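Participant: Data file input22.cif (mmCIF, C-alpha atoms) is appended below.
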data_data
loop_
_atom_site.group_PDB
_atom_site.id
_atom_site.type_symbol
_atom_site.label_atom_id
_atom_site.label_comp_id
_atom_site.auth_asym_id
_atom_site.auth_seq_id
_atom_site.Cartn_x
_atom_site.Cartn_y
_atom_site.Cartn_z
ATOM 1 C CA MET A 1 128.054 120.745 48.917
ATOM 2 C CA THR A 2 130.570 120.718 51.771
ATOM 3 C CA LEU A 3 130.055 118.485 54.790
ATOM 4 C CA THR A 4 131.328 119.782 58.102
ATOM 5 C CA ALA A 5 131.722 117.680 61.235
ATOM 6 C CA THR A 6 130.034 118.987 64.355
ATOM 7 C CA ARG A 7 131.873 118.833 67.603
ATOM 8 C CA PRO A 8 130.053 117.921 70.820
ATOM 9 C CA ARG A 9 129.297 120.923 72.978
ATOM 10 C CA PRO A 10 131.478 121.384 76.054
ATOM 11 C CA GLY A 11 129.935 120.133 79.282
ATOM 12 C CA ARG A 12 127.823 117.475 77.608
ATOM 13 C CA THR A 13 128.484 113.776 78.032
ATOM 14 C CA SER A 14 127.702 111.186 75.417
ATOM 15 C CA GLY A 15 127.067 107.491 75.708
ATOM 16 C CA PRO A 16 125.347 105.374 78.345
ATOM 17 C CA GLY A 17 128.226 105.577 80.832
ATOM 18 C CA PRO A 18 126.766 107.964 83.495
ATOM 19 C CA ALA A 19 123.301 106.372 83.372
ATOM 20 C CA ARG A 20 124.797 102.909 83.763
ATOM 21 C CA SER A 21 126.919 104.085 86.696
ATOM 22 C CA ARG A 22 123.871 105.545 88.424
ATOM 23 C CA SER A 23 121.959 102.308 87.855
ATOM 24 C CA ILE A 24 124.793 100.233 89.308
ATOM 25 C CA LEU A 25 125.098 102.567 92.303
ATOM 26 C CA LEU A 26 121.343 102.469 92.949
ATOM 27 C CA THR A 27 121.185 98.684 92.636
ATOM 28 C CA SER A 28 124.160 98.263 94.969
ATOM 29 C CA SER A 29 122.637 100.614 97.537
ATOM 30 C CA LEU A 30 119.318 98.771 97.441
ATOM 31 C CA GLY A 31 121.109 95.428 97.761
ATOM 32 C CA ILE A 32 122.996 96.623 100.823
ATOM 33 C CA ALA A 33 119.784 97.980 102.370
ATOM 34 C CA VAL A 34 117.922 94.701 101.759
ATOM 35 C CA ALA A 35 120.813 92.693 103.220
ATOM 36 C CA ALA A 36 120.878 94.924 106.308
ATOM 37 C CA VAL A 37 117.149 94.376 106.830
ATOM 38 C CA LEU A 38 117.173 90.611 106.217
ATOM 39 C CA LEU A 39 120.349 89.768 108.143
ATOM 40 C CA PRO A 40 118.706 89.939 111.621
ATOM 41 C CA PHE A 41 115.895 87.659 110.427
ATOM 42 C CA TYR A 42 118.398 85.213 108.976
ATOM 43 C CA TRP A 43 120.324 85.133 112.224
ATOM 44 C CA LEU A 44 117.063 84.636 114.157
ATOM 45 C CA VAL A 45 116.244 81.541 112.082
ATOM 46 C CA VAL A 46 119.799 80.208 112.460
ATOM 47 C CA ALA A 47 119.897 80.874 116.215
ATOM 48 C CA SER A 48 116.596 79.035 116.689
ATOM 49 C CA THR A 49 118.384 75.828 115.654
ATOM 50 C CA HIS A 50 121.159 76.182 118.258
ATOM 51 C CA SER A 51 121.372 75.754 122.017
ATOM 52 C CA SER A 52 121.804 78.711 124.369
ATOM 53 C CA LYS A 53 125.494 77.967 124.791
ATOM 54 C CA GLU A 54 126.125 77.886 121.031
ATOM 55 C CA ILE A 55 124.241 81.143 120.491
ATOM 56 C CA PHE A 56 126.756 83.014 122.671
ATOM 57 C CA ASP A 57 129.811 81.480 121.030
ATOM 58 C CA SER A 58 132.360 83.850 119.531
ATOM 59 C CA PRO A 59 132.059 84.201 116.591
ATOM 60 C CA PRO A 60 128.286 83.543 116.573
ATOM 61 C CA PRO A 61 126.983 80.668 114.437
ATOM 62 C CA LEU A 62 126.012 81.601 110.891
ATOM 63 C CA LEU A 63 124.804 78.167 109.743
ATOM 64 C CA PRO A 64 121.867 76.084 111.044
ATOM 65 C CA GLY A 65 122.503 73.737 113.962
ATOM 66 C CA GLY A 66 120.892 70.574 115.243
ATOM 67 C CA HIS A 67 118.912 71.708 118.307
ATOM 68 C CA LEU A 68 115.664 72.798 116.663
ATOM 69 C CA MET A 69 113.641 69.839 117.950
ATOM 70 C CA ASP A 70 115.100 70.267 121.454
ATOM 71 C CA ASN A 71 114.069 73.925 121.447
ATOM 72 C CA LEU A 72 110.560 73.046 120.236
ATOM 73 C CA SER A 73 110.249 70.428 122.969
ATOM 74 C CA THR A 74 111.326 72.974 125.588
ATOM 75 C CA LEU A 75 108.797 75.476 124.260
ATOM 76 C CA GLU A 76 105.976 72.961 124.477
ATOM 77 C CA SER A 77 106.868 71.697 127.945
ATOM 78 C CA THR A 78 107.452 75.101 129.557
ATOM 79 C CA ALA A 79 104.977 77.372 127.761
ATOM 80 C CA GLN A 80 102.370 75.046 126.151
ATOM 81 C CA PHE A 81 103.328 76.758 122.907
ATOM 82 C CA SER A 82 100.928 74.885 120.643
ATOM 83 C CA ASP A 83 97.995 76.190 122.717
ATOM 84 C CA VAL A 84 99.569 79.639 122.780
ATOM 85 C CA ILE A 85 99.761 79.770 118.966
ATOM 86 C CA VAL A 86 96.084 78.775 118.697
ATOM 87 C CA ASN A 87 95.163 81.454 121.261
ATOM 88 C CA SER A 88 97.053 84.157 119.389
ATOM 89 C CA LEU A 89 95.631 83.187 116.003
ATOM 90 C CA LEU A 90 92.064 83.027 117.324
ATOM 91 C CA ILE A 91 92.283 86.360 119.154
ATOM 92 C CA THR A 92 94.064 88.141 116.312
ATOM 93 C CA VAL A 93 91.762 86.919 113.528
ATOM 94 C CA ILE A 94 88.606 87.789 115.483
ATOM 95 C CA TYR A 95 90.037 91.178 116.410
ATOM 96 C CA THR A 96 91.153 91.983 112.854
ATOM 97 C CA VAL A 97 87.740 91.163 111.378
ATOM 98 C CA ALA A 98 85.699 92.919 114.097
ATOM 99 C CA ALA A 99 87.923 95.990 114.390
ATOM 100 C CA GLY A 100 88.176 96.244 110.606
ATOM 101 C CA ALA A 101 84.384 96.308 110.288
ATOM 102 C CA ILE A 102 84.000 98.917 113.041
ATOM 103 C CA CYS A 103 86.781 101.173 111.734
ATOM 104 C CA THR A 104 85.437 100.956 108.173
ATOM 105 C CA LEU A 105 81.876 101.838 109.177
ATOM 106 C CA ALA A 106 83.017 104.642 111.471
ATOM 107 C CA GLY A 107 85.336 106.026 108.794
ATOM 108 C CA TYR A 108 82.481 105.987 106.268
ATOM 109 C CA GLY A 109 80.214 107.785 108.720
ATOM 110 C CA PHE A 110 82.733 110.531 109.440
ATOM 111 C CA ALA A 111 83.638 110.952 105.761
ATOM 112 C CA LYS A 112 80.214 110.996 104.110
ATOM 113 C CA PHE A 113 77.653 111.985 106.753
ATOM 114 C CA ARG A 114 77.388 115.497 108.142
ATOM 115 C CA PHE A 115 75.671 115.939 111.490
ATOM 116 C CA ARG A 116 75.873 118.432 114.320
ATOM 117 C CA GLY A 117 79.084 117.981 116.273
ATOM 118 C CA SER A 118 80.662 115.554 113.815
ATOM 119 C CA GLY A 119 83.868 117.603 113.602
ATOM 120 C CA ALA A 120 84.168 117.893 117.374
ATOM 121 C CA LEU A 121 83.444 114.187 117.797
ATOM 122 C CA PHE A 122 86.119 113.275 115.254
ATOM 123 C CA GLY A 123 88.610 115.596 116.954
ATOM 124 C CA LEU A 124 87.813 113.994 120.314
ATOM 125 C CA LEU A 125 88.368 110.571 118.777
ATOM 126 C CA MET A 126 91.749 111.669 117.400
ATOM 127 C CA LEU A 127 92.853 112.554 120.924
ATOM 128 C CA GLY A 128 93.096 108.809 121.414
ATOM 129 C CA LEU A 129 96.171 108.877 119.164
ATOM 130 C CA VAL A 130 98.134 110.971 121.668
ATOM 131 C CA ILE A 131 97.003 109.316 124.910
ATOM 132 C CA PRO A 132 99.606 106.778 126.112
ATOM 133 C CA THR A 133 98.353 103.224 126.524
ATOM 134 C CA GLN A 134 99.691 103.075 130.070
ATOM 135 C CA VAL A 135 97.289 105.844 131.145
ATOM 136 C CA THR A 136 94.254 103.711 130.282
ATOM 137 C CA LEU A 137 95.431 100.448 131.913
ATOM 138 C CA ILE A 138 93.951 101.027 135.369
ATOM 139 C CA PRO A 139 90.489 102.256 134.203
ATOM 140 C CA LEU A 140 90.248 99.403 131.686
ATOM 141 C CA PHE A 141 91.352 96.842 134.259
ATOM 142 C CA LYS A 142 88.688 98.111 136.701
ATOM 143 C CA MET A 143 86.123 97.814 133.907
ATOM 144 C CA MET A 144 87.155 94.216 133.181
ATOM 145 C CA VAL A 145 86.860 93.369 136.889
ATOM 146 C CA ASP A 146 83.342 94.836 137.035
ATOM 147 C CA LEU A 147 82.339 92.864 133.935
ATOM 148 C CA GLU A 148 83.982 89.692 135.301
ATOM 149 C CA TRP A 149 85.956 89.330 132.099
ATOM 150 C CA LEU A 150 89.420 88.756 133.560
ATOM 151 C CA GLY A 151 91.069 85.702 132.024
ATOM 152 C CA THR A 152 88.800 85.729 128.950
ATOM 153 C CA TYR A 153 89.402 86.435 125.275
ATOM 154 C CA GLN A 154 86.840 89.227 125.139
ATOM 155 C CA ALA A 155 88.889 91.146 127.695
ATOM 156 C CA VAL A 156 91.775 91.147 125.213
ATOM 157 C CA ILE A 157 89.691 91.897 122.116
ATOM 158 C CA MET A 158 87.020 94.406 123.137
ATOM 159 C CA PRO A 159 88.885 97.485 124.482
ATOM 160 C CA ASN A 160 90.696 98.310 121.209
ATOM 161 C CA LEU A 161 88.010 97.528 118.647
ATOM 162 C CA ALA A 162 87.378 101.192 117.762
ATOM 163 C CA LEU A 163 91.034 101.985 117.110
ATOM 164 C CA PRO A 164 91.518 105.717 116.406
ATOM 165 C CA PHE A 165 94.221 105.227 113.774
ATOM 166 C CA GLY A 166 92.075 102.697 111.892
ATOM 167 C CA ILE A 167 89.100 105.064 111.867
ATOM 168 C CA PHE A 168 91.334 107.927 110.728
ATOM 169 C CA LEU A 169 92.819 105.844 107.903
ATOM 170 C CA MET A 170 89.419 104.769 106.574
ATOM 171 C CA ARG A 171 87.928 108.213 106.974
ATOM 172 C CA GLN A 172 90.707 109.808 104.933
ATOM 173 C CA SER A 173 90.458 107.108 102.280
ATOM 174 C CA MET A 174 86.680 107.358 101.947
ATOM 175 C CA ALA A 175 86.786 111.142 101.832
ATOM 176 C CA ALA A 176 88.350 110.810 98.364
ATOM 177 C CA LEU A 177 85.326 108.862 97.094
ATOM 178 C CA PRO A 178 83.139 111.222 94.985
ATOM 179 C CA ASP A 179 79.917 112.242 96.705
ATOM 180 C CA GLU A 180 78.192 112.277 93.318
ATOM 181 C CA LEU A 181 78.709 108.511 92.986
ATOM 182 C CA ILE A 182 76.976 107.886 96.307
ATOM 183 C CA ASP A 183 74.179 110.369 95.601
ATOM 184 C CA SER A 184 73.450 108.845 92.193
ATOM 185 C CA ALA A 185 73.213 105.385 93.751
ATOM 186 C CA ARG A 186 70.733 106.703 96.316
ATOM 187 C CA MET A 187 68.675 108.345 93.569
ATOM 188 C CA ASP A 188 68.521 104.982 91.790
ATOM 189 C CA GLY A 189 66.940 103.489 94.907
ATOM 190 C CA CYS A 190 69.986 101.740 96.338
ATOM 191 C CA GLY A 191 69.656 101.115 100.081
ATOM 192 C CA GLU A 192 72.351 102.265 102.475
ATOM 193 C CA PHE A 193 73.588 98.778 103.331
ATOM 194 C CA ARG A 194 73.760 97.695 99.692
ATOM 195 C CA LEU A 195 75.336 101.026 98.741
ATOM 196 C CA PHE A 196 78.049 100.493 101.335
ATOM 197 C CA LEU A 197 78.799 96.942 100.161
ATOM 198 C CA LYS A 198 78.521 97.439 96.385
ATOM 199 C CA ILE A 199 79.603 101.054 95.829
ATOM 200 C CA VAL A 200 81.814 102.150 98.726
ATOM 201 C CA LEU A 201 83.837 99.060 99.615
ATOM 202 C CA PRO A 202 85.166 97.907 96.188
ATOM 203 C CA PRO A 203 87.339 101.031 95.605
ATOM 204 C CA MET A 204 88.582 100.777 99.200
ATOM 205 C CA LYS A 205 90.446 97.478 98.748
ATOM 206 C CA PRO A 206 93.932 99.044 99.069
ATOM 207 C CA ALA A 207 92.943 100.912 102.224
ATOM 208 C CA LEU A 208 91.263 97.797 103.636
ATOM 209 C CA ALA A 209 94.424 95.772 102.994
ATOM 210 C CA ALA A 210 96.553 98.360 104.783
ATOM 211 C CA LEU A 211 94.070 98.431 107.664
ATOM 212 C CA ALA A 212 94.038 94.625 107.925
ATOM 213 C CA ILE A 213 97.847 94.475 108.082
ATOM 214 C CA PHE A 214 97.979 97.186 110.730
ATOM 215 C CA LEU A 215 95.264 95.617 112.900
ATOM 216 C CA PHE A 216 96.782 92.134 112.617
ATOM 217 C CA LEU A 217 100.245 93.329 113.624
ATOM 218 C CA PHE A 218 98.831 95.503 116.400
ATOM 219 C CA GLN A 219 97.001 92.634 118.072
ATOM 220 C CA TRP A 220 99.570 89.933 117.282
ATOM 221 C CA ASN A 221 102.376 91.931 118.924
ATOM 222 C CA ASP A 222 100.355 93.357 121.816
ATOM 223 C CA PHE A 223 102.033 92.511 125.109
ATOM 224 C CA ILE A 224 101.002 94.850 127.942
ATOM 225 C CA TRP A 225 97.217 94.426 127.854
ATOM 226 C CA PRO A 226 97.135 90.598 127.476
ATOM 227 C CA LEU A 227 99.701 90.407 130.283
ATOM 228 C CA VAL A 228 97.354 92.402 132.530
ATOM 229 C CA VAL A 229 94.088 90.563 131.876
ATOM 230 C CA LEU A 230 95.113 86.955 131.149
ATOM 231 C CA ARG A 231 95.663 84.643 134.102
ATOM 232 C CA ASP A 232 96.524 81.042 133.140
ATOM 233 C CA ALA A 233 99.493 79.958 131.012
ATOM 234 C CA GLY A 234 97.115 78.087 128.700
ATOM 235 C CA GLU A 235 95.372 81.395 127.863
ATOM 236 C CA PHE A 236 98.530 83.381 127.064
ATOM 237 C CA THR A 237 99.256 84.959 123.707
ATOM 238 C CA ILE A 238 102.678 84.557 122.083
ATOM 239 C CA PRO A 239 104.327 87.758 123.442
ATOM 240 C CA VAL A 240 103.232 86.936 126.997
ATOM 241 C CA ALA A 241 104.318 83.297 126.681
ATOM 242 C CA LEU A 242 107.740 84.294 125.356
ATOM 243 C CA ALA A 243 108.193 86.744 128.213
ATOM 244 C CA SER A 244 107.410 83.958 130.684
ATOM 245 C CA LEU A 245 110.425 82.020 129.371
ATOM 246 C CA GLN A 246 112.797 84.649 130.742
ATOM 247 C CA GLY A 247 113.736 83.594 134.263
ATOM 248 C CA LEU A 248 115.554 85.517 136.986
ATOM 249 C CA ASP A 249 118.521 83.132 137.108
ATOM 250 C CA GLN A 250 118.557 81.417 133.732
ATOM 251 C CA THR A 251 116.941 81.899 130.327
ATOM 252 C CA ASP A 252 116.832 79.311 127.560
ATOM 253 C CA TYR A 253 117.633 81.612 124.650
ATOM 254 C CA GLY A 254 117.462 78.757 122.168
ATOM 255 C CA ALA A 255 113.803 78.118 123.000
ATOM 256 C CA LEU A 256 113.110 81.846 123.249
ATOM 257 C CA LEU A 257 114.482 82.558 119.774
ATOM 258 C CA THR A 258 112.690 79.533 118.351
ATOM 259 C CA GLY A 259 109.398 80.912 119.658
ATOM 260 C CA THR A 260 110.238 84.333 118.256
ATOM 261 C CA ALA A 261 110.957 82.841 114.832
ATOM 262 C CA LEU A 262 107.645 80.947 114.880
ATOM 263 C CA ALA A 263 105.826 84.127 115.909
ATOM 264 C CA ALA A 264 107.226 85.964 112.883
ATOM 265 C CA ILE A 265 105.826 83.483 110.353
ATOM 266 C CA PRO A 266 102.122 84.538 110.440
ATOM 267 C CA MET A 267 103.081 88.221 110.276
ATOM 268 C CA ALA A 268 105.257 87.596 107.227
ATOM 269 C CA LEU A 269 102.518 85.577 105.502
ATOM 270 C CA VAL A 270 99.882 88.258 106.088
ATOM 271 C CA PHE A 271 102.172 90.994 104.814
ATOM 272 C CA LEU A 272 103.190 89.030 101.718
ATOM 273 C CA ALA A 273 99.546 88.261 100.939
ATOM 274 C CA LEU A 274 98.489 91.928 101.143
ATOM 275 C CA GLN A 275 101.684 93.852 100.449
ATOM 276 C CA ARG A 276 100.772 94.858 96.885
ATOM 277 C CA HIS A 277 97.882 96.898 98.314
ATOM 278 C CA PHE A 278 99.802 98.119 101.357
ATOM 279 C CA VAL A 279 101.629 101.171 99.961
ATOM 280 C CA SER A 280 98.694 102.474 97.934
ATOM 281 C CA GLY A 281 96.431 101.947 100.936
ATOM 282 C CA LEU A 282 98.660 104.025 103.181
ATOM 283 C CA LEU A 283 98.998 106.763 100.555
ATOM 284 C CA ALA A 284 95.206 106.916 100.327
ATOM 285 C CA GLY A 285 95.206 108.522 103.764
ATOM 286 C CA ALA A 286 97.089 111.496 102.316
ATOM 287 C CA VAL A 287 94.399 112.336 99.737
ATOM 288 C CA LYS A 288 92.929 115.757 100.344
ATOM 289 C CA GLU A 289 89.240 116.166 100.677
#
Will you turn the file into structure tokens for me?
Facilitator:
Amino acid sequence: MTLTATRPRPGRTSGPGPARSRSILLTSSLGIAVAAVLLPFYWLVVASTHSSKEIFDSPPPLLPGGHLMDNLSTLESTAQFSDVIVNSLLITVIYTVAAGAICTLAGYGFAKFRFRGSGALFGLLMLGLVIPTQVTLIPLFKMMVDLEWLGTYQAVIMPNLALPFGIFLMRQSMAALPDELIDSARMDGCGEFRLFLKIVLPPMKPALAALAIFLFLFQWNDFIWPLVVLRDAGEFTIPVALASLQGLDQTDYGALLTGTALAAIPMALVFLALQRHFVSGLLAGAVKE
């Protein structure tokens, strides 16, 4: 028996070289992208520990300084920042819970209940996605004046409770839930409220996490509407309080960046707590009925 050696075919590569090169290239690209995203946040934290003069030095400071306590003291004395943080947390938590409940119930109604005009009503609701916020400021302000709600928390919370995007997200997510599962629960005598809590909500955890993150960030970062309806500095939310630090002649950028860094902490914590559900929750909105 004669053994013959086989030559590798032309055009084919052998060994782990190309795969390893692709892996190194991908890892390097991802590392550069992550560094580009995190660098502004790093500089924000560093700048919050410097004075305004040091922030504008050339080259800018890249290591922490020693003015953090001075900046915190300025924040407290000029903007009552401890009260402002409490205001923002209280308003945002109440809004996230209330708006989340309303959007979830409305999304369930549009997804699983058929009634005359439901399609037209949903289309009318979706028009809210294309209407600029600035168009609604004057009518909403007149409504708040008539209700005597100016300078109150409910004036900040109430107008955006039925958020069109939140309803759309939950409606698309719940449309993927099999109707047979709901019908079988009804045939077994399950009431609508119990059915909603025990059958509908558990599979919706990813979508609920995505909705909670979106609602929290929406209210936490909202600037225009709280600026319009809030009156006293002690009632301000964080974006409004930070804007009040910018004067016509002089701005303390050290205090301003310190407040901005503090404002980013709750957003980061909420996202980190729910991020594992975030992507799957957003993709749930793309499921076809």
Participant: How many Å lie between CA of Leu163 in chain A and CA of Gln134 in chain A, rounded to one decimal?
Facilitator: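 Separation of CA of Leu163 in chain A and CA of Gln134 in chain A: 15.6 Å.
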Participant: Excluding same-chain residues fewer than 3 positions from Ser244 in chain A, what lies within 10 Å of it counting all atoms listed in the file, as JSON, numbers by chain?
Facilitator: {"A": [78, 79, 233, 236, 238, 239, 240, 241, 247, 251, 256]}
Participant: Hey, can you check how far CA of Pro164 in chain A sits from CA of Pro266 in chain A?
Facilitator: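 Interatomic distance, CA of Pro164 in chain A to CA of Pro266 in chain A: 24.4 Å.
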Participant: Enter the distance from CA of Val34 in chain A to CA of Ala264 in chain A, in Å, rounded to one decimal.
Facilitator: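 For CA of Val34 in chain A relative to CA of Ala264 in chain A, the distance reads 17.7 Å.
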Participant: Taking into account only C-alpha atoms, which residue in the set A:Phe141, A:Phe81, A:Phe113, A:Tyr42 is nearest to Ile182 in chain A?
Facilitator: A:Phe113
Participant: Given all atoms listed in the file as the basis, pick out the residue of A:Pro159, A:Ile94, A:Gly189, A:Ser28 nearest to Pro139 in chain A.
Facilitator: A:Pro159
Participant: (104.8, 79.4, 117.8) in this file's frame - what residues fall within 8 Å of it? Use only C-alpha atoms and give the answer as a PyMOL selection string.
Facilitator: chain A and resi 81-82+84-85+238+258-263
Participant: Name the residues that the PyMOL selection byres ((chain A and resi 160) around 10) pulls out of this structure, and write them as a PDB file with C-alpha atoms, in the coordinates of the input.
Facilitator:
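Dumped to expr_38.pdb:
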ATOM      1  CA  TYR A  95      90.037  91.178 116.410  1.00  0.00           C
ATOM      2  CA  ALA A  99      87.923  95.990 114.390  1.00  0.00           C
ATOM      3  CA  ALA A 155      88.889  91.146 127.695  1.00  0.00           C
ATOM      4  CA  VAL A 156      91.775  91.147 125.213  1.00  0.00           C
ATOM      5  CA  ILE A 157      89.691  91.897 122.116  1.00  0.00           C
ATOM      6  CA  MET A 158      87.020  94.406 123.137  1.00  0.00           C
ATOM      7  CA  PRO A 159      88.885  97.485 124.482  1.00  0.00           C
ATOM      8  CA  LEU A 161      88.010  97.528 118.647  1.00  0.00           C
ATOM      9  CA  ALA A 162      87.378 101.192 117.762  1.00  0.00           C
ATOM     10  CA  LEU A 163      91.034 101.985 117.110  1.00  0.00           C
ATOM     11  CA  PRO A 164      91.518 105.717 116.406  1.00  0.00           C
ATOM     12  CA  LEU A 215      95.264  95.617 112.900  1.00  0.00           C
ATOM     13  CA  PHE A 218      98.831  95.503 116.400  1.00  0.00           C
ATOM     14  CA  GLN A 219      97.001  92.634 118.072  1.00  0.00           C
TER      15      GLN A 219
END
Participant: Taking into account all atoms listed in the file, which residue in the set A:Lys53, A:Leu62, A:Val229, A:Leu44 is nearest to Glu148 in chain A?
Facilitator: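 That would be A:Val229, the residue with the smallest distance to Glu148 in chain A.
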Participant: Need the shell around range 268-270 of chain A: protein/DNA/RNA residues with any atom at most 10 Å away, counting all atoms listed in the file. Skip same-chain ones fewer than 3 positions apart. Format as a PDB file with C-alpha atoms, in the frame of the given file?
Facilitator:
ATOM      1  CA  ALA A 209      94.424  95.772 102.994  1.00  0.00           C
ATOM      2  CA  ALA A 212      94.038  94.625 107.925  1.00  0.00           C
ATOM      3  CA  ILE A 213      97.847  94.475 108.082  1.00  0.00           C
ATOM      4  CA  PHE A 216      96.782  92.134 112.617  1.00  0.00           C
ATOM      5  CA  LEU A 217     100.245  93.329 113.624  1.00  0.00           C
ATOM      6  CA  ALA A 263     105.826  84.127 115.909  1.00  0.00           C
ATOM      7  CA  ALA A 264     107.226  85.964 112.883  1.00  0.00           C
ATOM      8  CA  ILE A 265     105.826  83.483 110.353  1.00  0.00           C
ATOM      9  CA  ALA A 273      99.546  88.261 100.939  1.00  0.00           C
ATOM     10  CA  LEU A 274      98.489  91.928 101.143  1.00  0.00           C
ATOM     11  CA  GLN A 275     101.684  93.852 100.449  1.00  0.00           C
TER      12      GLN A 275
END
Participant: Select all residues near (84.5, 107.3, 110.4) (cut-off 12 Å, inclusive, file coordinates), counting all atoms listed in the file, and output them as a VMD selection string.
Facilitator: chain A and resid 100 to 114 118 to 119 121 to 123 125 to 126 162 to 175
Participant: Determine the nearest neighbour of Gly234 in chain A from the options A:Ala36, A:Leu150, A:Val86, A:Ala19, counting all atoms listed in the file.
Facilitator: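 Counting all atoms listed in the file, the residue closest to Gly234 in chain A is A:Val86.
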Participant: Quick one: residues within 12 Å of range 136-138 of chain A, all atoms listed in the file counted, chain neighbours fewer than 2 positions away excluded, as a list in words?
Facilitator: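 Surrounding residues, per the criterion: Gly128, Val130, Ile131, Pro132, Thr133, Gln134, Leu140, Phe141, Lys142, Met143, Met144, Val145, Pro159, Asn160, Ile224, Trp225, Pro226, Leu227, Val228 and Val229 of chain A.
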Participant: Would you output that residue set with C-alpha atoms, as a PDB file, in the coordinates of the input?
Facilitator:
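Resulting contents of again.pdb:
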ATOM      1  CA  GLY A 128      93.096 108.809 121.414  1.00  0.00           C
ATOM      2  CA  VAL A 130      98.134 110.971 121.668  1.00  0.00           C
ATOM      3  CA  ILE A 131      97.003 109.316 124.910  1.00  0.00           C
ATOM      4  CA  PRO A 132      99.606 106.778 126.112  1.00  0.00           C
ATOM      5  CA  THR A 133      98.353 103.224 126.524  1.00  0.00           C
ATOM      6  CA  GLN A 134      99.691 103.075 130.070  1.00  0.00           C
ATOM      7  CA  LEU A 140      90.248  99.403 131.686  1.00  0.00           C
ATOM      8  CA  PHE A 141      91.352  96.842 134.259  1.00  0.00           C
ATOM      9  CA  LYS A 142      88.688  98.111 136.701  1.00  0.00           C
ATOM     10  CA  MET A 143      86.123  97.814 133.907  1.00  0.00           C
ATOM     11  CA  MET A 144      87.155  94.216 133.181  1.00  0.00           C
ATOM     12  CA  VAL A 145      86.860  93.369 136.889  1.00  0.00           C
ATOM     13  CA  PRO A 159      88.885  97.485 124.482  1.00  0.00           C
ATOM     14  CA  ASN A 160      90.696  98.310 121.209  1.00  0.00           C
ATOM     15  CA  ILE A 224     101.002  94.850 127.942  1.00  0.00           C
ATOM     16  CA  TRP A 225      97.217  94.426 127.854  1.00  0.00           C
ATOM     17  CA  PRO A 226      97.135  90.598 127.476  1.00  0.00           C
ATOM     18  CA  LEU A 227      99.701  90.407 130.283  1.00  0.00           C
ATOM     19  CA  VAL A 228      97.354  92.402 132.530  1.00  0.00           C
ATOM     20  CA  VAL A 229      94.088  90.563 131.876  1.00  0.00           C
TER      21      VAL A 229
END
Participant: Carefully work through the PyMOL selection byres ((chain A and resi 54) around 12) for this structure and note down the residues it includes, as JSON, numbers by chain.
Facilitator: {"A": [46, 47, 48, 49, 50, 51, 52, 53, 55, 56, 57, 58, 59, 60, 61, 62, 63, 64, 65, 66, 67, 252, 253, 254]}
Participant: With distances taken over all atoms listed in the file, which of A:Asp183, A:Gln80, A:Asp232, A:Gln246 is nearest to Val200 in chain A?
Facilitator: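 Checking each of A:Asp183, A:Gln80, A:Asp232, A:Gln246 against Val200 in chain A, counting all atoms listed in the file, the winner is A:Asp183.
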Participant: In terms of the shortest atom-to-atom distance over all atoms listed in the file, which of A:Met267, A:Leu257, A:Ile199, A:Met187 is closest to Leu72 in chain A?
Facilitator: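 So, comparing all the options, the nearest one is A:Leu257.
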